[in-house]
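K.L.:
My structure is stored as target-v9.txt, with compact mmCIF, C-alpha atoms and all ligand atoms.
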```
# COMPACT_ATOMS: atom_id res chain seq x y z
CA MET B 42 0.00 0.00 0.00
CA ALA B 43 1.32 3.45 -0.97
CA ALA B 44 2.42 5.72 1.89
CA VAL B 45 -0.17 8.12 3.34
CA GLU B 46 1.72 11.15 2.00
CA ASP B 47 1.59 9.79 -1.54
CA VAL B 48 -2.16 9.37 -1.40
CA PHE B 49 -3.26 12.42 0.61
CA HIS B 50 -2.34 16.07 0.93
CA PRO B 51 -0.87 16.88 4.35
CA VAL B 52 -3.31 15.63 6.99
CA VAL B 53 -5.05 18.37 8.99
CA GLU B 54 -6.12 18.02 12.59
CA LEU B 55 -9.35 19.84 13.38
CA PRO B 56 -10.51 22.08 14.89
CA GLU B 57 -8.07 24.64 13.64
CA PRO B 58 -8.73 28.41 13.92
CA VAL B 59 -8.51 29.37 10.23
CA ARG B 60 -10.87 26.62 9.12
CA ALA B 61 -13.23 27.16 12.06
CA GLU B 62 -13.54 30.80 11.04
CA ARG B 63 -14.08 29.84 7.39
CA TYR B 64 -16.86 27.47 8.45
CA ARG B 65 -18.60 30.19 10.46
CA ARG B 66 -18.40 32.65 7.58
CA LEU B 67 -20.02 30.38 5.01
CA VAL B 68 -23.41 31.82 4.16
CA GLY B 69 -26.59 30.03 3.07
CA LEU B 70 -25.43 26.54 3.96
CA ASP B 71 -27.15 26.10 7.32
CA ASP B 72 -29.35 23.21 6.21
CA ILE B 73 -26.35 21.32 4.90
CA LYS B 74 -24.30 22.08 8.01
CA ASP B 75 -27.14 20.84 10.19
CA ARG B 76 -27.59 17.62 8.24
CA LEU B 77 -23.85 16.86 8.34
CA ARG B 78 -23.91 17.29 12.09
CA ARG B 79 -26.75 14.79 12.50
CA GLU B 80 -25.06 12.29 10.23
CA ALA B 81 -21.84 12.57 12.21
CA GLN B 82 -23.77 12.06 15.45
CA LEU B 83 -25.06 8.77 14.07
CA LEU B 84 -21.56 7.70 13.16
CA ALA B 85 -20.23 8.68 16.55
CA ASP B 86 -23.01 6.88 18.38
CA PRO B 87 -24.83 4.29 16.27
CA THR B 88 -27.08 3.36 19.22
CA SER B 89 -28.53 6.88 19.32
CA LEU B 90 -31.06 6.14 16.56
CA ARG B 91 -32.46 3.20 18.54
CA ALA B 92 -32.67 5.36 21.62
CA TRP B 93 -34.51 8.03 19.62
CA SER B 94 -36.98 5.48 18.30
CA LEU B 95 -37.65 4.00 21.74
CA GLU B 96 -38.16 7.41 23.26
CA HIS B 97 -40.40 8.87 20.59
CA HIS B 98 -42.16 5.82 19.16
CA GLY B 99 -42.06 3.37 22.06
CA ALA B 100 -40.34 0.73 19.92
CA GLU B 101 -37.67 0.23 17.33
CA VAL B 102 -39.40 1.36 14.14
CA PRO B 103 -38.67 -0.78 11.07
CA ALA B 104 -37.40 2.29 9.21
CA LEU B 105 -34.19 2.09 11.23
CA ALA B 106 -33.22 -0.84 9.03
CA LEU B 107 -32.91 1.63 6.18
CA PHE B 108 -29.85 3.06 7.89
CA ALA B 109 -28.13 -0.25 8.29
CA ASP B 110 -26.10 -0.38 5.12
CA ARG B 111 -25.93 3.22 4.03
CA GLY B 112 -22.53 4.22 2.77
CA PRO B 113 -21.04 7.16 4.70
CA LEU B 114 -20.78 9.09 1.43
CA PHE B 115 -21.91 12.68 0.91
CA VAL B 116 -21.96 14.38 -2.46
CA PHE B 117 -21.48 18.17 -2.68
CA ALA B 118 -22.60 19.18 -6.15
CA GLY B 119 -23.37 22.35 -8.03
CA ASP B 120 -22.13 25.75 -8.99
CA VAL B 121 -18.50 26.82 -8.88
CA GLY B 122 -17.51 29.18 -6.12
CA ALA B 123 -20.46 28.13 -3.97
CA GLY B 124 -18.57 26.81 -0.96
CA LYS B 125 -18.27 23.10 -1.72
CA SER B 126 -14.54 22.90 -1.08
CA ALA B 127 -14.68 25.44 1.71
CA LEU B 128 -17.37 23.48 3.56
CA ALA B 129 -15.82 20.08 2.90
CA GLU B 130 -12.54 21.22 4.41
CA SER B 131 -14.01 23.02 7.40
CA PHE B 132 -17.15 21.25 8.68
CA GLY B 133 -14.95 18.91 10.69
CA CYS B 134 -14.29 21.84 13.04
CA ASP B 135 -17.96 21.91 13.94
CA LEU B 136 -18.14 18.14 14.33
CA SER B 137 -15.14 18.21 16.60
CA ASP B 138 -16.83 20.80 18.85
CA VAL B 139 -20.21 19.09 18.87
CA LEU B 140 -18.94 15.54 19.33
CA ASN B 141 -16.00 16.51 21.47
CA LEU B 142 -13.70 14.32 19.38
CA PRO B 143 -10.53 14.99 17.44
CA VAL B 144 -11.28 15.08 13.72
CA TYR B 145 -8.70 14.41 11.03
CA LEU B 146 -9.08 15.70 7.50
CA TYR B 147 -7.67 13.56 4.70
CA ARG B 148 -7.76 15.17 1.25
CA LEU B 149 -7.20 12.79 -1.60
CA LYS B 150 -4.54 13.69 -4.16
CA LEU B 151 -6.10 13.11 -7.53
CA THR B 152 -2.82 14.05 -9.24
CA ALA B 153 -2.04 10.51 -10.25
CA ARG B 154 -4.67 10.81 -12.94
CA GLY B 155 -3.42 10.97 -16.51
CA SER B 156 0.01 9.68 -15.77
CA GLY B 157 -0.87 6.82 -18.06
CA LEU B 158 -0.11 3.94 -15.79
CA VAL B 159 -2.90 1.43 -16.04
CA GLY B 160 -4.33 0.69 -12.65
CA GLU B 161 -2.87 3.78 -11.02
CA MET B 162 -6.23 5.41 -10.28
CA THR B 163 -7.66 2.22 -8.88
CA THR B 164 -4.61 1.75 -6.71
CA LEU B 165 -4.81 5.32 -5.43
CA ILE B 166 -8.47 4.99 -4.46
CA GLY B 167 -8.00 1.52 -3.02
CA ASP B 168 -5.04 2.66 -0.94
CA ALA B 169 -6.90 5.75 0.26
CA PHE B 170 -9.82 3.70 1.54
CA GLY B 171 -7.40 1.11 2.91
CA HIS B 172 -5.70 3.76 5.05
CA LEU B 173 -8.98 5.20 6.31
CA LEU B 174 -10.43 1.79 7.06
CA ALA B 175 -7.37 0.89 9.13
CA LEU B 176 -7.51 4.21 11.00
CA GLY B 177 -11.26 3.88 11.53
CA ARG B 178 -10.88 0.39 12.99
CA LYS B 179 -8.35 1.65 15.51
CA ALA B 180 -10.67 4.48 16.48
CA ARG B 181 -13.51 2.16 17.50
CA SER B 182 -14.06 1.47 21.16
CA ALA B 183 -16.79 0.17 23.44
CA ASN B 184 -17.78 3.73 24.32
CA GLY B 185 -17.99 4.88 20.73
CA PRO B 186 -15.25 6.22 18.46
CA THR B 187 -12.23 8.05 19.86
CA THR B 188 -11.58 9.91 16.62
CA LEU B 189 -13.54 10.91 13.54
CA TYR B 190 -12.03 10.89 10.05
CA ILE B 191 -13.16 12.89 7.05
CA MET B 192 -11.95 12.00 3.60
CA VAL B 193 -12.48 14.63 0.91
CA ILE B 194 -12.39 13.79 -2.77
CA ASP B 195 -12.50 17.21 -4.43
CA GLU B 196 -13.03 17.78 -8.15
CA ALA B 197 -14.31 14.26 -8.16
CA ASP B 198 -15.91 14.32 -11.59
CA ALA B 199 -12.46 13.49 -12.92
CA LEU B 200 -12.72 10.25 -11.03
CA ALA B 201 -16.33 9.26 -10.86
CA GLN B 202 -17.37 9.63 -14.46
CA SER B 203 -20.55 8.10 -15.68
CA ARG B 204 -20.06 4.58 -16.79
CA ALA B 205 -22.38 5.39 -19.65
CA ALA B 206 -20.20 8.22 -20.93
CA GLU B 207 -19.05 7.78 -24.46
CA HIS B 208 -15.45 8.62 -23.81
CA MET B 209 -15.19 6.33 -20.91
CA HIS B 210 -11.76 4.86 -20.54
CA HIS B 211 -11.21 1.55 -18.91
CA GLU B 212 -9.22 3.28 -16.20
CA ASP B 213 -12.10 5.64 -15.26
CA ARG B 214 -14.47 2.76 -14.79
CA ALA B 215 -11.99 1.08 -12.55
CA GLY B 216 -11.75 4.26 -10.44
CA VAL B 217 -15.53 4.31 -9.93
CA ASP B 218 -15.60 0.66 -8.98
CA ALA B 219 -12.80 1.19 -6.49
CA LEU B 220 -14.70 4.12 -5.00
CA LEU B 221 -17.89 2.10 -4.59
CA ALA B 222 -16.00 -0.81 -3.08
CA GLY B 223 -14.24 1.58 -0.69
CA VAL B 224 -17.49 3.17 0.49
CA ASP B 225 -19.00 -0.29 0.98
CA SER B 226 -16.01 -1.40 3.02
CA LEU B 227 -16.51 1.55 5.40
CA ALA B 228 -20.27 0.96 5.64
CA GLY B 229 -19.80 -2.73 6.36
CA GLU B 230 -17.48 -2.10 9.28
CA GLY B 231 -19.27 0.89 10.76
CA VAL B 232 -16.04 2.82 11.18
CA PRO B 233 -16.07 6.54 12.07
CA VAL B 234 -15.18 7.80 8.60
CA LEU B 235 -17.15 10.28 6.48
CA VAL B 236 -16.41 10.57 2.79
CA VAL B 237 -17.22 13.80 0.93
CA LEU B 238 -17.12 13.96 -2.81
CA CYS B 239 -17.23 17.41 -4.46
CA THR B 240 -18.13 18.01 -8.07
CA ASN B 241 -19.20 20.84 -10.37
CA ARG B 242 -20.66 18.31 -12.74
CA GLU B 243 -23.22 16.23 -10.94
CA ARG B 244 -24.33 14.59 -14.16
CA ALA B 245 -20.84 13.35 -14.84
CA LEU B 246 -21.07 11.30 -11.68
CA ASP B 247 -21.89 7.69 -12.09
CA PRO B 248 -25.51 6.93 -11.12
CA ALA B 249 -24.15 4.12 -8.95
CA VAL B 250 -22.15 6.69 -6.97
CA MET B 251 -25.26 8.84 -6.48
CA ARG B 252 -27.26 5.80 -5.38
CA ARG B 253 -24.63 4.90 -2.86
CA ALA B 254 -24.57 8.36 -1.31
CA ALA B 255 -26.27 8.80 2.06
CA ALA B 256 -27.10 12.32 0.93
CA SER B 257 -26.29 14.68 -1.87
CA PHE B 258 -26.42 18.43 -1.54
CA ARG B 259 -26.83 21.03 -4.23
CA PHE B 260 -24.86 24.26 -3.90
CA GLY B 261 -26.18 27.32 -5.71
CA ARG B 262 -25.70 31.05 -6.20
CA PRO B 263 -26.48 33.47 -3.40
CA ASN B 264 -29.87 35.21 -3.35
CA ASP B 265 -30.22 38.90 -2.46
CA GLU B 266 -30.15 38.34 1.27
CA GLN B 267 -27.16 36.02 1.04
CA ARG B 268 -25.23 38.51 -1.09
CA ARG B 269 -26.08 41.20 1.42
CA VAL B 270 -24.63 39.13 4.24
CA VAL B 271 -21.44 38.27 2.31
CA LEU B 272 -20.88 41.87 1.20
CA THR B 273 -21.59 43.32 4.64
CA ASP B 274 -19.16 40.84 6.16
CA ALA B 275 -16.47 41.52 3.55
CA LEU B 276 -16.80 45.31 3.82
CA ASP B 277 -16.69 45.41 7.59
CA GLY B 278 -14.74 48.40 8.87
CA THR B 279 -14.57 50.21 5.52
CA GLY B 280 -17.36 52.65 6.35
CA ILE B 281 -19.40 51.62 3.29
CA SER B 282 -23.01 52.29 4.24
CA SER B 283 -25.77 49.71 4.31
CA ALA B 284 -27.59 51.75 1.65
CA ALA B 285 -24.55 51.34 -0.61
CA VAL B 286 -24.45 47.62 0.16
CA ALA B 287 -28.13 47.38 -0.81
CA LYS B 288 -27.32 48.96 -4.18
CA LEU B 289 -24.40 46.56 -4.64
CA VAL B 290 -26.73 43.65 -3.85
CA ALA B 291 -28.97 44.79 -6.69
CA ALA B 292 -26.02 45.34 -9.04
CA THR B 293 -24.73 41.81 -8.48
CA GLY B 294 -28.06 40.01 -8.87
CA SER B 295 -29.39 38.24 -11.93
CA VAL B 296 -30.51 40.36 -14.86
CA ASP B 297 -32.93 39.02 -17.44
CA ARG B 298 -31.85 35.45 -17.94
CA GLN B 299 -28.26 35.99 -16.87
CA ALA B 300 -27.34 34.49 -13.51
CA GLY B 301 -26.10 36.76 -10.75
CA PHE B 302 -22.69 36.74 -9.08
CA THR B 303 -21.45 33.58 -7.38
CA TYR B 304 -20.19 33.67 -3.81
CA SER B 305 -16.62 33.59 -5.04
CA ASP B 306 -17.34 36.33 -7.62
CA LEU B 307 -18.00 38.53 -4.60
CA THR B 308 -15.18 37.41 -2.31
CA GLN B 309 -12.44 36.63 -4.80
CA ARG B 310 -13.13 39.03 -7.66
CA LEU B 311 -15.30 42.03 -6.79
CA ILE B 312 -13.96 42.96 -3.36
CA PRO B 313 -10.25 42.32 -4.04
CA ALA B 314 -10.45 44.19 -7.37
CA ALA B 315 -12.13 47.15 -5.68
CA ILE B 316 -9.56 47.23 -2.90
CA LEU B 317 -6.69 47.10 -5.38
CA ALA B 318 -8.30 49.94 -7.34
CA ALA B 319 -8.18 52.08 -4.20
CA PHE B 320 -4.79 50.86 -3.03
CA PRO B 321 -2.32 52.37 -2.22
CA ASP B 322 -3.37 56.00 -2.00
CA LYS B 323 -7.17 56.15 -1.68
CA PRO B 324 -9.74 54.70 0.67
CA LEU B 325 -12.27 52.19 -0.64
CA THR B 326 -15.44 54.04 -1.69
CA GLU B 327 -18.82 53.01 -2.98
CA ASP B 328 -18.03 54.63 -6.33
CA ILE B 329 -15.07 52.32 -6.77
CA LEU B 330 -17.19 49.32 -5.80
CA PHE B 331 -19.96 50.20 -8.25
CA ALA B 332 -17.49 50.84 -11.07
CA ILE B 333 -15.88 47.42 -10.56
CA ALA B 334 -19.25 45.67 -10.16
CA ARG B 335 -20.48 47.18 -13.41
CA ASP B 336 -17.42 45.94 -15.33
CA LEU B 337 -17.42 42.45 -13.86
CA GLN B 338 -19.28 39.65 -15.57
CA PRO B 339 -20.61 36.93 -13.27
CA THR B 340 -19.00 33.55 -13.79
CA PRO B 341 -21.01 31.83 -16.53
CA GLU B 342 -23.30 29.08 -15.31
CA PHE B 343 -21.93 25.65 -15.90
CA ARG B 344 -24.16 24.00 -18.44
CA GLU B 345 -23.88 20.29 -18.69
CA ILE B 346 -24.05 18.79 -22.11
CA GLY B 347 -27.58 17.57 -22.59
CA ALA B 348 -28.84 19.53 -19.59
N1 LIG B 401 -21.56 29.92 0.87
C1 LIG B 401 -20.55 30.81 0.92
N2 LIG B 401 -20.53 31.80 1.82
C2 LIG B 401 -19.54 32.71 1.86
N3 LIG B 401 -18.47 32.68 1.04
C3 LIG B 401 -18.42 31.70 0.12
C4 LIG B 401 -19.44 30.72 0.01
N4 LIG B 401 -19.13 29.89 -0.99
C5 LIG B 401 -17.96 30.28 -1.49
N5 LIG B 401 -17.52 31.38 -0.82
C6 LIG B 401 -16.28 32.10 -1.11
O1 LIG B 401 -15.74 31.61 -2.33
C7 LIG B 401 -14.48 30.94 -2.10
C8 LIG B 401 -14.38 29.73 -3.01
O2 LIG B 401 -15.33 28.78 -2.64
P1 LIG B 401 -15.10 27.22 -2.89
O3 LIG B 401 -15.50 26.49 -1.66
O4 LIG B 401 -13.71 26.98 -3.37
O5 LIG B 401 -16.12 26.94 -4.07
P2 LIG B 401 -16.45 25.58 -4.83
O6 LIG B 401 -15.59 24.50 -4.25
O7 LIG B 401 -17.92 25.38 -4.62
O8 LIG B 401 -16.15 25.87 -6.28
C9 LIG B 401 -14.50 30.63 -0.63
O9 LIG B 401 -13.21 30.53 -0.12
C10 LIG B 401 -15.25 31.81 -0.04
O10 LIG B 401 -14.42 32.96 0.04
MG MG B 402 -14.06 23.51 -5.18
```
Would you write the structure of this file as structure tokens?

P.N.:
Amino acid sequence: MAAVEDVFHPVVELPEPVRAERYRRLVGLDDIKDRLRREAQLLADPTSLRAWSLEHHGAEVPALALFADRGPLFVFAGDVGAGKSALAESFGCDLSDVLNLPVYLYRLKLTARGSGLVGEMTTLIGDAFGHLLALGRKARSANGPTTLYIMVIDEADALAQSRAAEHMHHEDRAGVDALLAGVDSLAGEGVPVLVVLCTNRERALDPAVMRRAAASFRFGRPNDEQRRVVLTDALDGTGISSAAVAKLVAATGSVDRQAGFTYSDLTQRLIPAAILAAFPDKPLTEDILFAIARDLQPTPEFREIGA
């Protein structure tokens, strides 16, 4: 089995202040955050569902069986710059606080792809799950897990392509199969490992991967209120008035059929460009912000072929 550092980016122990702050600042994702927390609670204490059923329904309801062989796989799909990577790499901070457990973040290196060696992708995925399964086994104890592990597979469409896709290479199919086998191995052993798969191209994902997922979440563009919150947060301390922010909210919304700004259009394009327009000899003003907003085109919506 390949060494951990060949398979994963440097492992991160959570909570960690920068990521905890990033998690708190993510806007519009409360439902997803809440669901992830509940799922992690189940992993941390598998008996808690039974206890819930006994308390609220006086018996173990048959529906609990539906949880028995769910794979601990969560799909983050949707628009670019919507917080998929940011959430995947930070929600462990919240889990660590809530569950009072150390959480380790393992981010898969998908760099091996395209190097041309047959079997390389399969080996990478297999080794990744092998490492997590071994860690997860060690983290089990009679009183529940001592550690929680999160494995993130970002930009996963490269890996989990539809088996039906025309340009499917043998190697891609093997990657998907390895992924499914890996998720099943975790589910079968009930180890404290969550797997998050991020993709901008949900339709490129194999239907078998989607079926295997315990939940899939769709990330979208911010609405007016969400843009207001992001802009207010980003402009804190600059003296830009809330009336000016309201105008910026309108200027960054959708016009006719064109989509509005993404979250990252606001935080990584608009605000930095405006600050650099003022820097180094002027303060940031609403005129500068409006001028930049007017010139910026929102990131085009990703349209899937056949969508
Ligand atoms: N929901 C959000 N709330 C606040 N800021 C966001 C949100 N989503 C994205 N951003 C900003 O955009 C940046 C890029 O987001 P990222 O998670 O990389 O997007 P994705 O992985 O969905 O393409 C983040 O670091 C953050 O500054
Ligand atoms: Mg991303």

K.L.:
Select the residues contacting ligand LIG 401 (chain B) at a distance of at most 8 Å, based on only C-alpha atoms and all ligand atoms, then format the selection as a VMD selection string.

P.N.:
chain B and resid 63 66 to 70 118 to 129 195 239 to 241 260 263 267 271 303 to 309

K.L.:
Name the residues in contact with segment 173-183 of chain B at a cut-off of 9 Å, using all atoms listed in the file, excluding same-chain residues fewer than 6 positions from it; report them as a list in words.

P.N.:
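Residues near the query, excluding close chain neighbours: Tyr147, Leu189, Tyr190, Ile191, Met192, Gly223, Ser226, Leu227, Glu230, Gly231, Val232, Pro233 and Val234 of chain B.
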
K.L.:
Go through B:His50, B:Arg214, B:Arg111, B:Arg242 and flag the residue nearest ligand MG 402 (chain B), using all atoms listed in the file for the distances.

P.N.:
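The closest residue to ligand MG 402 (chain B) is B:Arg242.
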
K.L.:
Atom CA of Ala318 of chain B to atom CA of Glu266 of chain B: how many Å, to one decimal?

P.N.:
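We find that atom CA of Ala318 of chain B and atom CA of Glu266 of chain B lie 26.2 Å from each other.
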
K.L.:
Using only C-alpha atoms, which residues sit within 9 Å of Pro113 of chain B once same-chain residues fewer than 6 positions away are excluded, as a list in words?

P.N.:
Glu80, Leu84, Val224, Asp225, Leu227, Ala228, Gly231, Pro233, Val234, Leu235, Val236, Val237, Arg253, Ala254, Ala255 and Ala256 of chain B

K.L.:
Quick one: pull the distance between atom CA of Val217 of chain B and atom CA of Leu200 of chain B, Å, one decimal.

P.N.:
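Interatomic distance here is 6.7 Å.
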
K.L.:
Might you pull out every residue within 8 Å of Leu146 of chain B, with all atoms listed in the file counted and same-chain residues fewer than 5 positions away left off, and present them as a list in words?

P.N.:
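Near Leu146 of chain B, the qualifying residues are Val52, Val53, Glu54, Leu55, Glu130, Gly133, Tyr190, Ile191, Met192 and Val193 of chain B.
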
K.L.:
As a PyMOL selection string, please: the residues near Ala319 of chain B (cut-off 12 Å, only C-alpha atoms, same-chain neighbours under 3 positions excluded).

P.N.:
chain B and resi 279+312-316+322-330+332-333

K.L.:
Which residue, B:Leu95, B:Leu83, B:Ala199, B:Leu114, has the smallest gap to Gly185 of chain B when you use all atoms listed in the file?

P.N.:
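Ranked by minimum distance to Gly185 of chain B, first place goes to B:Leu83.
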
K.L.:
Would you mind reading off the distance between atom CA of Asp168 of chain B and atom CA of Gly229 of chain B, one decimal, in Å?

P.N.:
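Distance reported for this atom pair: 17.3 Å.
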
K.L.:
Which is closest to ligand MG 402 (chain B) among B:Gly294, B:Leu165, B:Ala197, B:Arg78, if we use all atoms listed in the file?

P.N.:
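Of all the options, B:Ala197 lies closest to ligand MG 402 (chain B).
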
K.L.:
Taking into account all atoms listed in the file, which residue in the set B:Phe302, B:Asp72, B:Ile194, B:Val102 is nearest to ligand MG 402 (chain B)?

P.N.:
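Closest to ligand MG 402 (chain B) of all the choices is B:Ile194.
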
K.L.:
Between B:Ala85, B:Leu136, B:Val116, B:Met42, which one has atoms that come closest to Leu238 of chain B, using only C-alpha atoms?

P.N.:
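Smallest separation from Leu238 of chain B among the options: B:Val116.
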
K.L.:
Give me the residues within 8 Å of Ala334 of chain B as a PDB file with C-alpha atoms, keeping the file's coordinate frame, counting only C-alpha atoms and dropping any in the same chain fewer than 4 places off.

P.N.:
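part.pdb was written with the following content:
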```pdb
ATOM      1  CA  LEU B 289     -24.400  46.560  -4.640  1.00  0.00           C
ATOM      2  CA  ALA B 292     -26.020  45.340  -9.040  1.00  0.00           C
ATOM      3  CA  THR B 293     -24.730  41.810  -8.480  1.00  0.00           C
ATOM      4  CA  LEU B 311     -15.300  42.030  -6.790  1.00  0.00           C
ATOM      5  CA  LEU B 330     -17.190  49.320  -5.800  1.00  0.00           C
TER       6      LEU B 330
END
```

K.L.:
Using all atoms listed in the file, pick whichever of B:Ala100, B:Glu196, B:Ala222, B:Tyr145 has the shortest atom-to-atom distance to ligand MG 402 (chain B).

P.N.:
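Of B:Ala100, B:Glu196, B:Ala222, B:Tyr145, the one nearest ligand MG 402 (chain B) is B:Glu196, counting all atoms listed in the file.
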
K.L.:
N, CA and C atoms are needed for segment 229-243 of chain B; please write them out as a PDB file, keeping the file's coordinate frame.

P.N.:
```pdb
ATOM      1  N   GLY B 229     -19.728  -1.387   5.792  1.00  0.00           N
ATOM      2  CA  GLY B 229     -19.800  -2.730   6.360  1.00  0.00           C
ATOM      3  C   GLY B 229     -19.178  -2.813   7.740  1.00  0.00           C
ATOM      4  N   GLU B 230     -18.176  -2.006   7.996  1.00  0.00           N
ATOM      5  CA  GLU B 230     -17.480  -2.100   9.280  1.00  0.00           C
ATOM      6  C   GLU B 230     -17.954  -1.065  10.294  1.00  0.00           C
ATOM      7  N   GLY B 231     -18.785  -0.130   9.849  1.00  0.00           N
ATOM      8  CA  GLY B 231     -19.270   0.890  10.760  1.00  0.00           C
ATOM      9  C   GLY B 231     -18.153   1.693  11.409  1.00  0.00           C
ATOM     10  N   VAL B 232     -17.151   2.034  10.631  1.00  0.00           N
ATOM     11  CA  VAL B 232     -16.040   2.820  11.180  1.00  0.00           C
ATOM     12  C   VAL B 232     -16.352   4.309  11.119  1.00  0.00           C
ATOM     13  N   PRO B 233     -15.764   5.108  12.017  1.00  0.00           N
ATOM     14  CA  PRO B 233     -16.070   6.540  12.070  1.00  0.00           C
ATOM     15  C   PRO B 233     -15.360   7.344  10.975  1.00  0.00           C
ATOM     16  N   VAL B 234     -15.765   7.101   9.748  1.00  0.00           N
ATOM     17  CA  VAL B 234     -15.180   7.800   8.600  1.00  0.00           C
ATOM     18  C   VAL B 234     -16.295   8.354   7.734  1.00  0.00           C
ATOM     19  N   LEU B 235     -16.209   9.642   7.412  1.00  0.00           N
ATOM     20  CA  LEU B 235     -17.150  10.280   6.480  1.00  0.00           C
ATOM     21  C   LEU B 235     -16.403  10.570   5.193  1.00  0.00           C
ATOM     22  N   VAL B 236     -17.033  10.271   4.078  1.00  0.00           N
ATOM     23  CA  VAL B 236     -16.410  10.570   2.790  1.00  0.00           C
ATOM     24  C   VAL B 236     -17.225  11.660   2.092  1.00  0.00           C
ATOM     25  N   VAL B 237     -16.548  12.726   1.656  1.00  0.00           N
ATOM     26  CA  VAL B 237     -17.220  13.800   0.930  1.00  0.00           C
ATOM     27  C   VAL B 237     -16.643  13.893  -0.467  1.00  0.00           C
ATOM     28  N   LEU B 238     -17.526  13.895  -1.421  1.00  0.00           N
ATOM     29  CA  LEU B 238     -17.120  13.960  -2.810  1.00  0.00           C
ATOM     30  C   LEU B 238     -17.669  15.262  -3.391  1.00  0.00           C
ATOM     31  N   CYS B 239     -16.793  16.123  -3.907  1.00  0.00           N
ATOM     32  CA  CYS B 239     -17.230  17.410  -4.460  1.00  0.00           C
ATOM     33  C   CYS B 239     -17.150  17.388  -5.974  1.00  0.00           C
ATOM     34  N   THR B 240     -18.159  17.948  -6.614  1.00  0.00           N
ATOM     35  CA  THR B 240     -18.130  18.010  -8.070  1.00  0.00           C
ATOM     36  C   THR B 240     -18.924  19.195  -8.593  1.00  0.00           C
ATOM     37  N   ASN B 241     -18.437  19.805  -9.679  1.00  0.00           N
ATOM     38  CA  ASN B 241     -19.200  20.840 -10.370  1.00  0.00           C
ATOM     39  C   ASN B 241     -20.115  20.223 -11.407  1.00  0.00           C
ATOM     40  N   ARG B 242     -19.941  18.958 -11.646  1.00  0.00           N
ATOM     41  CA  ARG B 242     -20.660  18.310 -12.740  1.00  0.00           C
ATOM     42  C   ARG B 242     -21.376  17.071 -12.236  1.00  0.00           C
ATOM     43  N   GLU B 243     -22.479  17.322 -11.561  1.00  0.00           N
ATOM     44  CA  GLU B 243     -23.220  16.230 -10.940  1.00  0.00           C
ATOM     45  C   GLU B 243     -23.565  15.139 -11.947  1.00  0.00           C
TER      46      GLU B 243
END
```
